[in-house]
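Asker: This structure is in C-alpha cells; I'll ask about it shortly.
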Amino acid sequence: MAEEKKTLKKVLRYIRKYLWLMILSMILAAVTVIFTLYLPILTGQAVDMMMDKGRVRFTDLHGILMKMVIAIAITGVAQWLMNILNNRVTYLVVRDIRKDAFEKIQKLPLKYLDAHPSGDIVSRIIADVDQFADGLLLGFTQAFTGVLTIVGTLLFMLRINVWITLVVVLVTPLSFFVAAFIAKKTHIMFQKQSETRGEQTGLINEMVENLSVVQAFGYEEKALQRFDVINDRLEKYSLRAIFFSSITNPSTRFVNNLVYAGVGITGALFAIHGRLSVGKLTTFLSYANQYTKPFNEISGVITELQNALTCAGRVFDLMEQEEEIPEDSKEHIDQCVGNVTIDHVDFSYVEDKPLIQDLHLSVKSGQRVAIVGPTGCGKTTIINLLMRFYDVNKGAIYIDGKDIRELSRKNLRSQYGMVLQETWLKDASVLENILFGREDATREEAIAAAKMSHAHSFIKRLPEGYDTILSENGENLSQGQRQLLSITRVILCKPSILILDEATSSIDTRTEIKIQNAFAKMMEGKTSFIVAHRLSTIQNADIILVMKDGKIIEQGNHEELLAKKGFYSELYMSQFAVD
Amino acid sequence: MKSLLQYLRGYKKECILGPLFKMLEACFDLTVPYVTALMIDQGIANHDTGRIGRYSVMLILLAMIGLSCSITAQFFAAKAAVGFATKLRHALFSHIETLSFDKVDQVGTSTLITRMTSDINQLQNGVNMAIRLFLRSPFIVFGAVICALMIDLKAALVFVAVIPLLAVVVFGIMGISMPLYKKVQQALDKVLESTRENLTGVRVIRAFHREEEEKQQYGKKNDTLASAQLFVGRIAALTNPVTYVMINLALVVLLQVSGIRVNVGALTQGEVVALVNYLSQILVELIKLANVIVVENKALACAARIESVLKKKSSLDIIEDKDTEQTANHVIPKVSFENVSLCYNESAEPSIENVNFEAMAGETIGIIGGTGSGKSSLIHMIPRFYDATKGTVRIDGKDVRTMPVEAVRQKIGIALQKAVLFKGTIKENLLWGNENATQQELDEAIEASQALEFIDKKENGLESVVEQGGRNLSGGQKQRLTVARALVRRPEILILDDSTSALDYATDAKLRSAIKHLSYHPTVFMVSQRTSSIRHADKILVLDDGQVVGIGTHDELLKNCEVYQEIHYSQYQKEEKRA
C-alpha cells in the first residue's frame, strides 16, 4: 500500500503539468452529472402535467420541455469537452513519460541494459505506459463521475421521498457484494487461465521457431500431442473463467431489477395515499434503473486502478534506475596518438565472481593487438572496458596517458571505431546506416568506404542501391552482408583506434582477407584491437594475447608463441590435426 | 470467417440455444415497462393495493426468470466460444507443423506465433460476444419499437424516426474513426520499433555517440503518435454526447406528442411512463451494440488473418514415380543430384544452379564455399526442406519427390547450422532422434559427438535440465548435442551443416574421426567454412554463387580449383605458402 502511494505521487508529478486541464475536466464532470440527474426530475414533472384526458397543462409542459432542451444541450457540450480534455491529459502524459523513459535509457549503464532483456524494457515503455494511462486517468475520471453520481442521486432522491430512497439504498449494495464475490471467485480461474496460456505460448514459441528441427526429426505428432494436453487444460480453465465472470452482468442486472420492483411497490403505495405523484414515481424508477451502474463501474475501476498502479510501478522502476556515473571531462583529447595502457585492472560483472584480475598491458601507437582464448575467458570484456561500457573495479585504463574516466564518454568513444559480432543496423536506408558515425560525410565518401570494405558490389545489386530501406534490423541482408555494412560504417569514420570483436566471423575467409587488407591500409600507424577465434585472422598481429579465465596466460607474436609450445601453439596445431 | 465456421460445428446446440435464451431474457426485459404501466394505470389510479402487490411480485418473478435465462445463455456462449477456440488452435497448430519451409519463410515465425495466440484469443472473445449480444441488442431495439407501436401508433412514430437517425450518427462516427485508429496503431508500432532498435543497438549508438540524434528521432515519432491519438480522440469523443443529445431530444418530442395524445384520451399516464422507459432501453442497447461491433470487427480481422495461414498449403507434393529406376548395371548412388536448380521465389536469382554429383553409400562428402554460396540450400534439398525447382534429387536412385516427406526424413539425421535444443532434459532432447533408442545407442551417439566429456561433468548427467533454447549450455556444447541427436537415430544419411563451427580444432577433429568409424557407415554430408574440417572427405564440392566450381579430393582441388585454393590459403597462408 505504501508502495502504491509512492507510485501515485510520482504519477501526480506528471499530471501536475496538466493540473488545470484536470480541474476543468472535473468541473465539467460535475456539470454533466448534475444535469444528467436533473433530467429524470424534469421528465417526471412533464409526466405530471398530463393527468388524464383533457387534463393536460400544455403551457407548463412547454416550460418544462424547454428546460429539458437546455439541460440536454449543456450536458452534451460538457460531456464532449470533458472527453476531449481527458484524452488530452491521457495522451500527453503518456507522451511525456515515454519521452523521459527513452531519454533515461540513454543514460542507463550497460550493466543494467545487459542484465534486462530488451523485450522486458520495451514492454514497460510501450504496453505498461499505455495500460497505466488508460487505467489510471480514465479510471480516475470514471471513479470521480461514479461517486458524484451516487451522491447526487442520493440527494435528489432524498428531496423527493425519504422512504423510497431507503429502499434503494438498502437493496443496491447487494449488487456490489455480488459483483465483488464473483470477482473474487473468478480471480483464481483467470490466474490459472493465464498460467496455462503462458505455458502454451512457451510451447508454441519453441516449436514454431524451430520448426525445421521439428520437421527434420518427424516430431510433429508428438508436438501436437503435447500441445493438445495443454490445450485441453486451457479449455477447461478458460470455460470456467469466462463463464463465471460473465455471470456478473446478469446478476447485477437482477439486483437492479429487484431495486426497480422495490421502488415500484413502495412508490405505488405512497402514490395511492397521494403522497407521491406518478411523475415523481417515474423519476424514482429511472434513478433506480441507473443507480447500480456507478457501483459496478467503481468496482471495475478499483481493480483497474490497482492494475494501472502496478504498471506505473514497473515504468517508474525503470526510470529510477541508477544512471551512469556522471561525466567528468577534466581532460580532452582531439585526435589521440593511440598509446593505450591497461594498468593492473580488476573487473567482474557479478560481485562475487571475479573475472579479470590484475590485467596489465601497454600498447604503443600503431600496434595491432589480437586477443584469443576460449569462450567466456573475458575477451569481449576488455572491449567493454576500453569503450567504457563498463567501468573497471580496480586499476585504470589510460589513452595517451590520460585516465579514460577523466574524459567525457563522447570524447573517448569518438577515438574508437568499433565493429561487433552482433551487427546492428537501423531501420533506415543503406546510406543512412553507413553515415551513422559521420553524418557530414558525402555520398561519394560513403561509396568509397563501401568499396574499401567490399560492400559496394552487393549494395549495387540491392533493389534501390544505396537508398534501399533495410527492414527490421536488416533482415533482408545476410549476416555476412550486415557485417560488411558495419565495417563500412567504421571505415568512413577513420578512427584513431580500431576495435574488432569477431567482426568478420560470418564473412567467408576469402573476403575476410580482402577486408583485412583494407583495414591494414587504413590503420597504418594506428592502434587496433582484434578479438577472433579464427587464428588465421590474427597471425599478423604485433601482440597476441592468449586469455584464459580472465587472465593473460601468454603474450607475444605468432612465432614467439609457437616457439613457446604452450596453450597457443596447442590451439594452433589442432587446426592441422590429422585424424 | 466462413472456412473457420466448421470449428463451431460441434457447438450447434450452443450456438442456437445461447442466442435463444438471450432473446427470452430480452422478452422479459421488454415486459417490465408494460407491467409498470399497468401498475400505474390500474393499481395507483384505482387505489388497488392488491394489484400493486401482484404486479410487484410479477416484476420480481420476471427478474428471476430473466436471470436464469441469461446465465444459461452465458454458459452456452462461453462453451461454444472456448470450444471453438480450442479446436481452432489445435487445427492451426497442426497445420503450421505441416507447412513447408518456403511458406514459413513467407509468413515469418513471429507472425505465426501471433496468429496462434492473441489472434485466436480475440476471435474467441468475438464469438462469445456475438452469441451473447449480436441478436439480443437488435432484438430489444426492435422489440421496444414494436411494444411502443402497440401502445400508441402516433406517439411511437418518434421511435421510428429517431432510431435510423441514431444508427447513422453512431455508425458514421465509428466508420470515420476506425480507419484513423489504424493510423494510431501504425504510429505506435513506429514508437515501439524505435524503442526496441535503440535497446538492441545500444552499444553501437553509444560507440558512435548518437544518443542525442536518437532522442530527437524518437521524440518526433512520439509526438506524431500523440497528435494522431488526439485527432482520433476528438472525433471519438463525439459519440457519447451526440447519442445522449439525440435520444433525449427524442424524449422531449415524445413527451410533447404524448401530451397531445393524453389530452385526446388516446394514451394514459402509465403508458407515457412505459414509452419513456422503452426509449431509455433503446439507448442502452444501441451503445452496447456499438461496442460489440468494435469487438466483432477486430475479431473478423483476426479471423481473416488466421484463415490466410490455414489456406497456405505445403508446397511439397508427392509426384508420381514416372521414371524407371536406374537399374543395376552400376551401383546405385546413395544420393544423387541431377541438374538441380533451386529458386526461393520466382523472381529471384537461383540460389542453386545446375548442380550434378553422386554420393555413394558410406562416402563422406565435404561441401565448402563462401558466405551465401548456397551450401545450406544444397543440403536442405536432401531432406526435402525445399524441393528442387529444376532437376532431380535422388536417394537410393528414387526421386525424393515420389516419397512422402516423413519417409525421406526417416533416413536422415541432420544437425542444422543453428544449434537448437528444447526445454527438457538432455536425454529427452536426444530421444528426438529416435524415441525408442536404447541406452547403448544413446551412449554411442554421445561418445561419437564428443559430448560425453561435458555431460559427465554435469551433476545429473543425461538427466540434466536444458533450459529453453539451451540457454544454459555453451555454443559448442549445444552443437555437440545436436550432432548427438542426429546420430541417435543411426541415420543412413548424416548431414552436418556447419555444426561444429564453435568447437575448437582438436575436438572437431576427434568428432570427425569418430563419425568416420561409426559402425553403421552412414553417408555423410559435411558443410564447413574451414578446409581443415573437410580435407579428408572422399569428395569435396566447392560452391561459389550457387554453382559447383569444383569436385574432387582435397589434393586434387588444391591443384586445379582456384576458389578452393583461395579459401584454403586464406586460412593457412603462412604454413602452406612456405611449404
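Residue names in the C-alpha cells use chain letters A, B, ... in the order shown, residue numbers from 1 in each chain, and ligand numbers from 1 in the order shown.
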Find the residues around His273 (chain A) up to 12 Å (only C-alpha atoms counted), leave out those fewer than 2 positions away in its own chain, and share them as a ChimeraX atom specification.

Answerer: /A:266-271,275-278 /B:43-49

Asker: Restricting the output to N, CA and C atoms, write the selected residues as a PDB file, in the first residue's frame.

Answerer:
ATOM      1  N   THR A 266     -43.184   0.303  -3.249  1.00  0.00           N
ATOM      2  CA  THR A 266     -43.277   1.361  -2.226  1.00  0.00           C
ATOM      3  C   THR A 266     -43.799   2.649  -2.849  1.00  0.00           C
ATOM      4  N   GLY A 267     -43.288   2.966  -4.045  1.00  0.00           N
ATOM      5  CA  GLY A 267     -43.726   4.189  -4.719  1.00  0.00           C
ATOM      6  C   GLY A 267     -45.219   4.172  -4.964  1.00  0.00           C
ATOM      7  N   ALA A 268     -45.702   3.024  -5.450  1.00  0.00           N
ATOM      8  CA  ALA A 268     -47.113   2.917  -5.777  1.00  0.00           C
ATOM      9  C   ALA A 268     -47.963   3.066  -4.519  1.00  0.00           C
ATOM     10  N   LEU A 269     -47.470   2.461  -3.425  1.00  0.00           N
ATOM     11  CA  LEU A 269     -48.220   2.571  -2.173  1.00  0.00           C
ATOM     12  C   LEU A 269     -48.302   4.025  -1.702  1.00  0.00           C
ATOM     13  N   PHE A 270     -47.170   4.716  -1.786  1.00  0.00           N
ATOM     14  CA  PHE A 270     -47.187   6.147  -1.442  1.00  0.00           C
ATOM     15  C   PHE A 270     -48.128   6.900  -2.362  1.00  0.00           C
ATOM     16  N   ALA A 271     -48.123   6.527  -3.635  1.00  0.00           N
ATOM     17  CA  ALA A 271     -48.932   7.243  -4.621  1.00  0.00           C
ATOM     18  C   ALA A 271     -50.419   7.092  -4.307  1.00  0.00           C
ATOM     19  N   ARG A 275     -49.255  10.642  -1.526  1.00  0.00           N
ATOM     20  CA  ARG A 275     -48.053  11.295  -1.035  1.00  0.00           C
ATOM     21  C   ARG A 275     -46.942  11.298  -2.078  1.00  0.00           C
ATOM     22  N   LEU A 276     -47.251  10.832  -3.284  1.00  0.00           N
ATOM     23  CA  LEU A 276     -46.242  10.832  -4.354  1.00  0.00           C
ATOM     24  C   LEU A 276     -46.988  10.903  -5.678  1.00  0.00           C
ATOM     25  N   SER A 277     -46.522  11.784  -6.564  1.00  0.00           N
ATOM     26  CA  SER A 277     -47.195  11.858  -7.866  1.00  0.00           C
ATOM     27  C   SER A 277     -46.645  10.773  -8.775  1.00  0.00           C
ATOM     28  N   VAL A 278     -47.392  10.453  -9.809  1.00  0.00           N
ATOM     29  CA  VAL A 278     -46.931   9.458 -10.786  1.00  0.00           C
ATOM     30  C   VAL A 278     -45.629   9.899 -11.425  1.00  0.00           C
TER      31      VAL A 278
ATOM     32  N   GLY B  43     -53.324   0.046 -10.788  1.00  0.00           N
ATOM     33  CA  GLY B  43     -53.090  -0.002  -9.343  1.00  0.00           C
ATOM     34  C   GLY B  43     -53.286   1.347  -8.685  1.00  0.00           C
ATOM     35  N   ILE B  44     -52.464   2.318  -9.128  1.00  0.00           N
ATOM     36  CA  ILE B  44     -52.489   3.613  -8.459  1.00  0.00           C
ATOM     37  C   ILE B  44     -53.799   4.345  -8.748  1.00  0.00           C
ATOM     38  N   ALA B  45     -54.181   4.332 -10.036  1.00  0.00           N
ATOM     39  CA  ALA B  45     -55.367   5.095 -10.423  1.00  0.00           C
ATOM     40  C   ALA B  45     -56.594   4.585  -9.660  1.00  0.00           C
ATOM     41  N   ASN B  46     -56.673   3.226  -9.444  1.00  0.00           N
ATOM     42  CA  ASN B  46     -57.844   2.673  -8.766  1.00  0.00           C
ATOM     43  C   ASN B  46     -57.618   2.453  -7.272  1.00  0.00           C
ATOM     44  N   HIS B  47     -56.489   2.923  -6.776  1.00  0.00           N
ATOM     45  CA  HIS B  47     -56.148   2.705  -5.366  1.00  0.00           C
ATOM     46  C   HIS B  47     -56.267   1.234  -4.997  1.00  0.00           C
ATOM     47  N   ASP B  48     -55.752   0.363  -5.843  1.00  0.00           N
ATOM     48  CA  ASP B  48     -55.907  -1.080  -5.656  1.00  0.00           C
ATOM     49  C   ASP B  48     -54.591  -1.664  -5.132  1.00  0.00           C
ATOM     50  N   THR B  49     -54.450  -1.761  -3.838  1.00  0.00           N
ATOM     51  CA  THR B  49     -53.203  -2.249  -3.239  1.00  0.00           C
ATOM     52  C   THR B  49     -52.907  -3.685  -3.671  1.00  0.00           C
TER      53      THR B  49
END

Asker: Quick one: everything within 9 Å of Ile383 (chain A), counting only C-alpha atoms, minus sequence neighbours fewer than 3 positions away in the same chain. Send it as a VMD selection string.

Answerer: chain A and resid 379 to 380 386 to 389 499 to 501 529 531

Asker: Please produce a file of those selected residues containing N, CA and C atoms, as a short mmCIF file (atom, residue, chain, number, x, y, z; two decimals), in the first residue's frame.

Answerer:
data_model
loop_
_atom_site.label_atom_id
_atom_site.label_comp_id
_atom_site.auth_asym_id
_atom_site.auth_seq_id
_atom_site.Cartn_x
_atom_site.Cartn_y
_atom_site.Cartn_z
N LYS A 379 37.46 -12.00 -23.32
CA LYS A 379 37.92 -11.24 -24.48
C LYS A 379 37.07 -10.00 -24.70
N THR A 380 35.74 -10.24 -24.78
CA THR A 380 34.84 -9.14 -25.06
C THR A 380 34.80 -8.14 -23.91
N LEU A 386 37.48 -0.93 -22.51
CA LEU A 386 38.13 0.09 -23.33
C LEU A 386 37.13 1.16 -23.77
N MET A 387 35.94 0.69 -24.16
CA MET A 387 34.90 1.62 -24.65
C MET A 387 34.23 2.34 -23.48
N ARG A 388 34.51 1.91 -22.29
CA ARG A 388 33.85 2.40 -21.08
C ARG A 388 32.37 2.11 -21.08
N PHE A 389 32.01 0.94 -21.64
CA PHE A 389 30.64 0.47 -21.47
C PHE A 389 30.48 0.04 -20.01
N ILE A 499 38.55 -1.26 -33.03
CA ILE A 499 38.21 -2.40 -32.20
C ILE A 499 37.35 -3.35 -33.01
N LEU A 500 37.82 -4.57 -33.19
CA LEU A 500 37.04 -5.55 -33.94
C LEU A 500 36.74 -6.74 -33.04
N ASP A 501 35.48 -6.94 -32.72
CA ASP A 501 35.12 -8.07 -31.87
C ASP A 501 34.45 -9.13 -32.71
N PHE A 529 42.64 -3.30 -31.89
CA PHE A 529 42.38 -4.46 -31.04
C PHE A 529 41.47 -5.42 -31.80
N VAL A 531 39.51 -9.14 -31.61
CA VAL A 531 39.13 -10.37 -30.94
C VAL A 531 38.73 -11.36 -32.02
#

Asker: Got a sec to tell me which of region 220-361 of chain A DSSP assigns to alpha helix (DSSP H), as a ChimeraX atom specification?

Answerer: /A:220-246,248-272,278-319

Asker: Residues within 12 Å of Leu174 (chain A), please, as a list in words. Count only C-alpha atoms; anything in the same chain fewer than 4 positions from it doesn't count.

Answerer: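 Once the nearby chain positions are removed, what remains is Val167, Val168, Val169, Leu170, Val178, Ala179, Ala180, Phe181, Ser251, Thr252, Arg253, Phe254, Val255, Asn256, Asn257, Leu258, Val259, Thr292, Phe295 and Asn296 of chain A.
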
Asker: Which residues are near region 23-26 of chain A? Cut-off 9 Å, only C-alpha atoms, ignore same chain within fewer than 3 positions. Put them as a PyMOL selection string.

Answerer: chain A and resi 18-20+29-31+78+81-86+141+144-145

Asker: Per DSSP on the backbone, what are the strand (DSSP E or B) residues of region 154-360 of chain B, as a list of chain:residue names?

Answerer: B:Val335, B:Ser336, B:Phe337, B:Glu338, B:Asn339, B:Val340, B:Ser341, B:Leu342, B:Ile352, B:Glu353, B:Asn354, B:Val355, B:Asn356, B:Phe357, B:Glu358, B:Ala359

Asker: Can you pull out every residue within 12 Å of Ala503 (chain A), counting only C-alpha atoms, but drop anything in the same chain fewer than 2 positions away, and send it as JSON, numbers by chain?

Answerer: {"A": [380, 417, 418, 419, 420, 421, 422, 423, 424, 479, 480, 481, 482, 483, 484, 485, 486, 487, 488, 490, 498, 499, 500, 501, 505, 506, 507, 508, 512, 515, 516, 519, 529, 530, 531, 532, 533, 534, 537]}

Asker: Could you tell me how far CA of Ala81 (chain B) sits from CA of Ala183 (chain A), in Å to one decimal place?

Answerer: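 CA of Ala81 (chain B) lies 20.7 Å from CA of Ala183 (chain A).
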
Asker: Tell me, as a PyMOL selection string, which residues lie within 7 Å of Val369 (chain A), counting only C-alpha atoms; anything in the same chain fewer than 2 positions away does not count.

Answerer: chain A and resi 367+371+528-530+541-544

Asker: Contacts of region 128-135 of chain A at 9 Å or less, counting only C-alpha atoms, minus same-chain residues fewer than 5 places along, as a VMD selection string?

Answerer: chain A and resid 90 to 91 93 to 94 97 to 98 123 140 301 304 to 312 314 to 315

Asker: Take the residues that were just selected and, keeping C-alpha atoms, output them as a PDB file, in the first residue's frame.

Answerer:
ATOM      1  CA  THR A  90      -4.022  10.948 -21.090  1.00  0.00           C
ATOM      2  CA  TYR A  91      -2.137  11.105 -24.367  1.00  0.00           C
ATOM      3  CA  VAL A  93       1.087  12.272 -20.070  1.00  0.00           C
ATOM      4  CA  VAL A  94       1.816   9.083 -21.996  1.00  0.00           C
ATOM      5  CA  ILE A  97       6.526   9.523 -19.770  1.00  0.00           C
ATOM      6  CA  ARG A  98       7.656   7.721 -22.905  1.00  0.00           C
ATOM      7  CA  SER A 123       7.049  -3.747 -22.818  1.00  0.00           C
ATOM      8  CA  PHE A 140      -9.920   8.208 -12.183  1.00  0.00           C
ATOM      9  CA  VAL A 301     -12.384   0.769 -11.718  1.00  0.00           C
ATOM     10  CA  GLU A 304      -8.254  -1.409 -12.977  1.00  0.00           C
ATOM     11  CA  LEU A 305      -6.628   1.234 -10.826  1.00  0.00           C
ATOM     12  CA  GLN A 306      -4.649  -1.382  -8.958  1.00  0.00           C
ATOM     13  CA  ASN A 307      -3.563  -2.877 -12.231  1.00  0.00           C
ATOM     14  CA  ALA A 308      -2.611   0.560 -13.519  1.00  0.00           C
ATOM     15  CA  LEU A 309      -0.581   1.307 -10.437  1.00  0.00           C
ATOM     16  CA  THR A 310       1.323  -1.951 -10.848  1.00  0.00           C
ATOM     17  CA  CYS A 311       2.106  -0.966 -14.424  1.00  0.00           C
ATOM     18  CA  ALA A 312       3.098   2.527 -13.373  1.00  0.00           C
ATOM     19  CA  ARG A 314       7.149  -1.005 -13.354  1.00  0.00           C
ATOM     20  CA  VAL A 315       7.631   2.068 -15.513  1.00  0.00           C
TER      21      VAL A 315
END

Asker: So how far away is CA of Leu558 (chain B) from CA of Ile513 (chain A), in Å?

Answerer: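 Distance between the two atoms: 18.5 Å.
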
Asker: Measuring between only C-alpha atoms, which one of A:Leu8, A:Ile447, A:Cys336, A:Leu492 shows the shortest distance to chain B?

Answerer: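 For chain B, the nearest of the given residues is A:Leu492.
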
Asker: With distances taken over only C-alpha atoms, which residue among A:Ile382, A:Ala115, A:Val69, A:Val350 lies nearest chain B?

Answerer: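 Counting only C-alpha atoms, the residue closest to chain B is A:Val69.
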
Asker: From the list A:Glu103, A:Thr149, A:Phe217, A:Gly202, which residue is nearest Arg485 (chain B) when using only C-alpha atoms?

Answerer: A:Phe217

Asker: Rank nothing, just name the residue among B:Leu180, B:Ile131, B:Ile163, B:Ser258 nearest to Val145 (chain B), using only C-alpha atoms.

Answerer: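 Among the listed residues, B:Ile163 lies closest to Val145 (chain B).
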
Asker: If you measure from CA of Ala520 (chain A) to CA of Ser532 (chain B), what distance in Å do you get, rounded to one decimal?

Answerer: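 Taking CA of Ala520 (chain A) and CA of Ser532 (chain B), their separation equals 26.2 Å.
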
Asker: Measuring between only C-alpha atoms, which one of B:Ile71, B:Val276, B:Leu199, B:Ile205 shows the shortest distance to Ala156 (chain B)?

Answerer: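 For Ala156 (chain B), the nearest of the given residues is B:Val276.
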
Asker: Using only C-alpha atoms, which of A:Ala261, A:Leu203, A:Ile150, A:Met157 sits nearest chain B?

Answerer: A:Ala261
